Structures are given as structure tokens and as C-alpha cells.
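Data file: work_39.cif. Format and content: mmCIF, C-alpha atoms.
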```
data_work
#
loop_
_atom_site.label_atom_id
_atom_site.label_comp_id
_atom_site.auth_asym_id
_atom_site.auth_seq_id
_atom_site.Cartn_x
_atom_site.Cartn_y
_atom_site.Cartn_z
CA MET J 1 -34.53 -258.83 54.15
CA GLY J 2 -35.26 -256.35 51.37
CA LYS J 3 -38.70 -255.66 52.79
CA ILE J 4 -37.22 -254.97 56.25
CA LYS J 5 -34.71 -252.51 54.76
CA HIS J 6 -37.51 -250.77 52.89
CA ILE J 7 -39.57 -250.41 56.08
CA PHE J 8 -36.50 -249.13 57.93
CA ARG J 9 -35.91 -246.47 55.24
CA ILE J 10 -39.52 -245.33 55.49
CA MET J 11 -39.31 -245.08 59.29
CA LEU J 12 -36.04 -243.14 59.00
CA LEU J 13 -37.62 -240.67 56.56
CA ILE J 14 -40.59 -240.18 58.88
CA TRP J 15 -38.26 -239.54 61.84
CA VAL J 16 -36.20 -237.00 59.87
CA SER J 17 -39.37 -235.24 58.70
CA LEU J 18 -40.73 -234.99 62.25
CA ALA J 19 -37.39 -233.66 63.48
CA CYS J 20 -37.42 -230.98 60.80
CA VAL J 21 -40.98 -229.97 61.65
CA SER J 22 -40.04 -229.77 65.35
CA GLN J 23 -37.00 -227.60 64.56
CA ALA J 24 -39.04 -225.34 62.31
CA SER J 25 -41.59 -224.89 65.08
CA ALA J 26 -38.85 -224.08 67.61
CA ASP J 27 -37.42 -221.42 65.29
CA GLU J 28 -40.79 -219.88 64.37
CA TYR J 29 -41.18 -216.15 64.97
CA LEU J 30 -44.58 -214.69 65.83
CA LEU J 31 -45.76 -211.10 66.06
CA VAL J 32 -46.52 -209.62 69.47
CA ARG J 33 -50.07 -208.26 69.26
CA LYS J 34 -50.52 -206.95 72.80
CA VAL J 35 -48.52 -206.33 75.96
CA TYR J 36 -50.46 -206.73 79.20
CA ASP J 37 -47.76 -205.79 81.72
CA GLY J 38 -44.06 -206.23 82.36
CA ASP J 39 -44.07 -210.00 81.99
CA THR J 40 -47.13 -211.02 79.94
CA ILE J 41 -47.87 -210.66 76.23
CA GLU J 42 -50.28 -211.89 73.57
CA LEU J 43 -49.04 -213.17 70.23
CA GLY J 44 -50.65 -212.76 66.84
CA ASN J 45 -52.05 -216.29 66.99
CA GLY J 46 -53.93 -215.47 70.20
CA MET J 47 -51.50 -217.24 72.52
CA HIS J 48 -50.98 -215.57 75.90
CA VAL J 49 -47.38 -215.86 77.05
CA ARG J 50 -46.05 -215.45 80.59
CA TYR J 51 -42.29 -214.88 80.83
CA ILE J 52 -40.52 -217.61 82.78
CA GLY J 53 -38.18 -216.79 85.66
CA ILE J 54 -39.15 -213.19 86.33
CA ASN J 55 -41.90 -211.24 88.07
CA ALA J 56 -42.62 -207.64 87.13
CA PRO J 57 -44.50 -205.25 89.43
CA GLU J 58 -48.27 -205.36 88.99
CA ILE J 59 -50.22 -202.62 87.24
CA ALA J 60 -53.60 -201.53 88.57
CA HIS J 61 -56.36 -203.93 87.57
CA GLN J 62 -59.88 -204.61 88.79
CA ASP J 63 -59.91 -203.53 92.45
CA LYS J 64 -56.16 -203.89 93.02
CA ALA J 65 -53.82 -200.93 93.10
CA GLY J 66 -50.69 -200.96 90.99
CA GLU J 67 -47.23 -201.54 92.46
CA PRO J 68 -44.27 -199.15 92.13
CA PHE J 69 -42.59 -199.48 88.71
CA GLY J 70 -45.52 -201.46 87.31
CA LEU J 71 -46.23 -198.88 84.61
CA GLU J 72 -42.53 -198.49 83.86
CA ALA J 73 -42.20 -202.24 83.39
CA LEU J 74 -45.22 -202.26 81.08
CA ALA J 75 -43.83 -199.38 79.02
CA PHE J 76 -40.42 -201.02 78.72
CA ASN J 77 -41.93 -204.34 77.66
CA GLU J 78 -44.04 -202.56 75.03
CA LYS J 79 -41.00 -200.70 73.77
CA ILE J 80 -38.94 -203.81 73.11
CA VAL J 81 -41.55 -206.34 71.91
CA LEU J 82 -44.84 -204.73 70.77
CA SER J 83 -45.47 -205.25 67.04
CA LYS J 84 -42.18 -207.14 66.76
CA SER J 85 -41.56 -210.78 65.93
CA VAL J 86 -40.40 -213.00 68.76
CA ARG J 87 -39.40 -216.61 69.25
CA ILE J 88 -40.59 -218.41 72.34
CA GLN J 89 -38.68 -221.18 74.08
CA GLY J 90 -40.34 -223.41 76.63
CA ASP J 91 -39.01 -225.36 79.59
CA GLN J 92 -40.24 -228.37 81.58
CA GLU J 93 -43.71 -227.01 82.37
CA THR J 94 -45.44 -225.44 79.39
CA SER J 95 -48.40 -223.59 80.95
CA ASP J 96 -49.62 -222.07 84.21
CA GLN J 97 -52.92 -222.18 86.10
CA TYR J 98 -54.29 -219.42 83.88
CA ASN J 99 -53.56 -221.51 80.77
CA ARG J 100 -50.87 -219.10 79.62
CA ARG J 101 -47.85 -220.42 77.77
CA LEU J 102 -44.73 -220.21 79.95
CA ALA J 103 -41.74 -219.19 77.89
CA TYR J 104 -38.40 -217.53 77.45
CA VAL J 105 -38.82 -214.88 74.75
CA PHE J 106 -36.24 -213.84 72.17
CA LEU J 107 -36.20 -211.11 69.51
CA GLN J 108 -34.90 -211.79 66.03
CA ASP J 109 -31.59 -210.09 66.88
CA GLY J 110 -31.09 -212.57 69.73
CA THR J 111 -32.13 -210.24 72.56
CA PHE J 112 -33.34 -212.28 75.53
CA VAL J 113 -36.42 -210.31 76.60
CA ASN J 114 -36.80 -211.84 80.08
CA GLN J 115 -33.21 -210.90 80.83
CA GLU J 116 -33.53 -207.35 79.47
CA ILE J 117 -36.43 -206.56 81.79
CA VAL J 118 -34.49 -207.85 84.80
CA ARG J 119 -31.31 -206.12 83.62
CA ASN J 120 -33.13 -202.79 83.71
CA GLY J 121 -34.47 -203.29 87.22
CA LEU J 122 -38.09 -203.65 86.12
CA ALA J 123 -38.65 -207.20 87.38
CA HIS J 124 -37.08 -209.48 89.95
CA VAL J 125 -36.11 -213.08 89.39
CA LEU J 126 -38.73 -215.67 90.29
CA TYR J 127 -37.55 -219.23 90.83
CA THR J 128 -40.18 -221.62 89.46
CA SER J 129 -38.90 -225.19 89.48
CA PRO J 130 -38.68 -227.16 87.23
CA ASN J 131 -38.40 -224.24 84.78
CA THR J 132 -34.87 -223.22 85.68
CA ALA J 133 -32.87 -223.28 82.42
CA TYR J 134 -31.85 -219.61 82.61
CA ASP J 135 -31.90 -219.04 86.37
CA ALA J 136 -28.17 -218.33 86.63
CA VAL J 137 -28.30 -215.85 83.73
CA LEU J 138 -31.29 -214.01 85.16
CA LEU J 139 -29.85 -213.83 88.67
CA LYS J 140 -26.55 -212.41 87.39
CA SER J 141 -28.48 -209.72 85.49
CA GLN J 142 -30.50 -208.89 88.60
CA GLN J 143 -27.35 -208.52 90.70
CA GLU J 144 -25.88 -206.21 88.06
CA ALA J 145 -29.06 -204.10 88.09
CA MET J 146 -28.97 -203.96 91.89
CA LYS J 147 -25.35 -202.82 91.93
CA ALA J 148 -26.11 -200.18 89.29
CA GLY J 149 -29.25 -198.99 91.12
CA LYS J 150 -31.52 -199.42 88.12
CA GLY J 151 -35.30 -199.28 88.24
CA MET J 152 -36.73 -200.68 91.44
CA TRP J 153 -33.26 -200.94 92.97
CA ALA J 154 -32.59 -197.18 92.80
CA ASN J 155 -32.29 -195.32 96.12
CA TRP J 156 -33.08 -198.50 98.02
CA LYS J 157 -33.77 -197.91 101.71
CA GLU J 158 -34.95 -200.35 104.35
CA LYS J 159 -34.53 -201.00 108.03
CA PRO J 160 -32.89 -204.28 109.09
CA SER J 161 -35.42 -206.95 110.01
CA ASP J 162 -35.75 -210.71 110.21
CA TYR J 163 -36.86 -212.72 107.19
CA ILE J 164 -37.16 -216.47 106.76
CA GLY J 165 -35.93 -217.87 103.46
CA ASN J 166 -36.83 -221.28 102.08
CA LYS J 167 -33.95 -222.84 100.12
CA LYS J 168 -36.33 -225.20 98.32
CA SER J 169 -38.93 -222.72 97.10
CA ARG J 170 -36.56 -219.73 96.96
CA ARG J 171 -39.18 -217.56 98.67
CA PHE J 172 -38.61 -215.36 101.69
CA HIS J 173 -41.18 -214.55 104.37
CA LEU J 174 -41.90 -212.20 107.23
CA LYS J 175 -40.86 -213.79 110.51
CA THR J 176 -44.54 -214.06 111.46
CA CYS J 177 -45.64 -215.76 108.23
CA ALA J 178 -47.15 -219.22 108.75
CA PHE J 179 -45.56 -220.49 105.54
CA GLY J 180 -42.16 -219.26 106.63
CA LEU J 181 -42.50 -220.75 110.11
CA ARG J 182 -43.32 -224.15 108.58
CA THR J 183 -40.04 -224.16 106.66
CA SER J 184 -37.94 -227.13 107.76
CA ALA J 185 -34.62 -226.50 109.49
CA GLN J 186 -32.64 -227.95 106.59
CA ASN J 187 -34.30 -225.59 104.12
CA ARG J 188 -34.38 -222.51 106.33
CA VAL J 189 -32.06 -219.54 105.87
CA GLN J 190 -32.20 -216.20 107.68
CA PHE J 191 -31.95 -212.80 106.01
CA GLY J 192 -31.51 -209.49 107.79
CA ARG J 193 -32.69 -207.41 104.82
CA LYS J 194 -34.95 -207.86 101.82
CA TRP J 195 -32.02 -206.69 99.72
CA ASP J 196 -29.94 -209.67 100.81
CA ALA J 197 -32.75 -212.09 99.94
CA PHE J 198 -33.21 -210.59 96.49
CA TRP J 199 -29.44 -210.69 95.94
CA GLU J 200 -29.45 -214.45 96.52
CA GLY J 201 -32.33 -214.96 94.10
CA TYR J 202 -35.20 -215.29 96.58
CA ALA J 203 -38.60 -213.75 95.83
CA PRO J 204 -41.15 -212.33 98.33
CA CYS J 205 -43.89 -214.62 99.57
CA LYS J 206 -47.20 -213.61 98.00
CA LYS J 207 -49.16 -214.38 101.16
CA CYS J 208 -47.22 -212.24 103.62
CA MET J 209 -45.76 -209.57 101.34
CA GLY J 210 -48.18 -209.52 98.42
CA GLN J 211 -45.59 -210.29 95.75
CA GLY J 212 -43.85 -213.16 94.06
CA SER J 213 -46.77 -214.80 92.27
CA ILE J 214 -46.94 -215.72 88.58
CA GLU J 215 -49.62 -213.22 87.64
#
```

C-alpha cells encoding of this file:
Amino acid sequence: MGKIKHIFRIMLLIWVSLACVSQASADEYLLVRKVYDGDTIELGNGMHVRYIGINAPEIAHQDKAGEPFGLEALAFNEKIVLSKSVRIQGDQETSDQYNRRLAYVFLQDGTFVNQEIVRNGLAHVLYTSPNTAYDAVLLKSQQEAMKAGKGMWANWKEKPSDYIGNKKSRRFHLKTCAFGLRTSAQNRVQFGRKWDAFWEGYAPCKKCMGQGSIE
């Protein structure tokens, strides 16, 4: 019996030690060495981090032209995180197809970086199941930015049109898009304006509108 108790104590100590190491890792702050655009950074340890739940406009790279507000999003991201220490928090999926770490990013003062970029109208929300821990928070911030006309939402003008939304993927498509047309009846929702789709937390289909990817 005494031997069993001794083994149990050792196992308990090992479990407590591992829990402490895990907590320490979760609370670790790392310096931001480089900012690539409005939603991607590089940490001091060489890790490339892609912000979860948002998509900032692209900046010009290779043979692709930049999108409106791409440079503004880059500048804002640099302003709040470059050369500062951040804590990253993961979700269900830890990396993307480019082997970047997917994360929610926080400053030492508690500022939620993903949210701040959306709050200032320099990124739109991007639903990426199963990484959905802060979806409600991010969507609320986007709606506030839209109402206030911040960043990309300022002076918004568009003609009514028909868009097909997919409730499952939370993407919306041009009415001629093959992906949109394949959306099942139970998952299909119609939007008369892009604005309405964004308001509900849908992102543009990359194939038919050139946006909405994790890049």
C-alpha cells in the first residue's frame, strides 16, 4: 500500500509540474520582430503568426496589386505591435496551409489586437471554423466600425445586387459564382447588398470576388 501511495504522489507531482509548464507557456510574451501586413506578424523566435478571425486588405506583393486600405492596415498593425511584447492564444486548429501559427494576439495591457484592427475598420471578420472562440466579439466590433464609418466602411456606396450567402461557410458569392450556386437550400441565404452580408459576419468568396482568404 505504501508503495502505491508513493507512486501516486510522484504521478501527482509530475501532473502539477506539467500543468505549471503549460500555464507558463500560455502566459509567455514574445517580441514582435516584423509586421508583414494587417493580419500577419513574425515573432522574435521566428514564428510567423496569422491573426485568427479577421482578414485585412492585401498589400501589393509579387505581381498582385494592393487592395484599398491595405497600407493603412499594415501601418496600424505596426503601430500597435511592432517591437512590443505580445501573448498569443490558439484555438482548435493551430496552423494554416502556409505553416503559420493561427492565433489571437494580446498586448501586455490586455489589448486584443485582432479586435482593435477590426474595430478601426481595417479588416473584416473572417469565419474560420473550428476557430470561433471570439467570433461574437469580433463581429460586434465590426458592426460598431460599420456604424461609425471607420476605415473601409467610410463613405460606403454600392448599388443593390443579388448575392448568395452560405450559412455554413459564412461566405457570400456573386449570383453567377459556381460555389454559390452549389450552396444547398438549407444553407442558402440571399443578400441584396455586400453591406448586409458583412453586417451579418459573412466574408467575400475569394474565387468570385478576390477576397476572404487567409493570406

Selected by the PyMOL selection byres ((chain J and resi 191) around 7) in the shown coordinates: which residues, as JSON, numbers by chain?
{"J": [162, 163, 164, 165, 189, 190, 192, 193, 196, 197]}

Let me make sure I understand: among J:Phe76, J:Phe172, J:Tyr98, J:Trp199, which one has the smallest atom-to-atom distance to J:Asn187 if we use all atoms listed in the file?
J:Phe172

Using only C-alpha atoms, find the one residue out of J:Ala65, J:Leu139, J:Ile59, J:Val105 that sits nearest to J:Val32.
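Nearest to J:Val32: J:Val105.
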
Quick one: pull the distance between atom CA of J:Ala103 and atom CA of J:Ala123, Å, one decimal.
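Rounded to one decimal, the two atoms are 15.6 Å apart.
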
Go through J:Gln115, J:Gln186, J:Trp195, J:His173 one by one, measure the shortest atom-to-atom distance of each to J:Gly210 using all atoms listed in the file, and give the residue with the smallest value.
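Closest to J:Gly210, using all atoms listed in the file: J:His173.
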
Which one is closest to J:Asn99: J:Trp156, J:His48, J:Asp27, J:Arg182? Count all atoms listed in the file.
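For J:Asn99, the nearest of the given residues is J:His48.
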
Select, from J:Lys34, J:Lys157, J:Arg119, J:Arg171, the residue with the minimum atom-to-atom distance to J:Ser141, counting all atoms listed in the file.
J:Arg119

To one decimal in Å, tell me the separation between atom CA of J:Leu43 and atom CA of J:Val86.
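These atoms are spaced 8.8 Å apart.
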
For J:Leu74, list every protein, DNA or RNA residue within 9 Å, evaluated using all atoms listed in the file, and leave out those in the same chain fewer than 2 positions away; present the list as a list in words.
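Near neighbours after the sequence-gap exclusion: Val35, Tyr36, Asp37, Gly38, Asp39, Ala56, Pro57, Ile59, Phe69, Gly70, Leu71, Glu72, Phe76, Asn77, Glu78, Lys79 and Leu122 of chain J.
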
Rounded to one decimal in Å, what is the spacing between atom CA of J:Gly121 and atom CA of J:Met146?
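Atom CA of J:Met146 lies 7.2 Å from atom CA of J:Gly121.
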
Check what the PyMOL selection byres ((chain J and resi 45) around 10) selects in the file above and give those residues as number ranges by chain.
J: 30-33, 42-44, 46-48

Would you please work out which residue, of J:Tyr127, J:Ser95, J:Glu158, J:Met209, is nearest to J:Lys175 when using only C-alpha atoms?
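Using only C-alpha atoms, the shortest distance to J:Lys175 belongs to J:Met209.
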
Using all atoms listed in the file, which protein or nucleic acid residues come within 9 Å of J:Gln108? Drop anything in the same chain fewer than 3 positions from it, and give the result as a list in words.
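What passes the distance filter is Tyr29, Lys84, Ser85, Val86, Arg87 and Thr111 of chain J.
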
Expected file contents, prior selection, C-alpha atoms, as a short mmCIF file (atom, residue, chain, number, x, y, z; two decimals), keeping the file's coordinate frame:
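Printed below is result-v8.cif as written:
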```
data_model
loop_
_atom_site.label_atom_id
_atom_site.label_comp_id
_atom_site.auth_asym_id
_atom_site.auth_seq_id
_atom_site.Cartn_x
_atom_site.Cartn_y
_atom_site.Cartn_z
CA TYR J 29 -41.18 -216.15 64.97
CA LYS J 84 -42.18 -207.14 66.76
CA SER J 85 -41.56 -210.78 65.93
CA VAL J 86 -40.40 -213.00 68.76
CA ARG J 87 -39.40 -216.61 69.25
CA THR J 111 -32.13 -210.24 72.56
#
```

I want to know what sits within 9 Å of J:Val113, based on all atoms listed in the file, with residues of the same chain fewer than 5 positions away left out; could you give that as a list of chain:residue names?
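Result of the neighbour search: J:Tyr51, J:Asn77, J:Ile80, J:Val81, J:Tyr104, J:Val105, J:Phe106, J:Leu107, J:Val118.
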
If you apply the PyMOL selection byres ((chain J and resi 134) around 12) to this file, what residues do you get, as a PyMOL selection string?
chain J and resi 51-54+89-91+103-105+112-115+125-133+135-141

Hey, can I get the axis-aligned box for stretch 64-71 of chain J? All listed atoms, 4 Å padding on each side, centre and edge lengths in Å to one decimal, as lines of an AutoDock Vina configuration file.
```
center_x = -49.4
center_y = -201.4
center_z = 88.9
size_x = 21.6
size_y = 13.0
size_z = 16.5
```
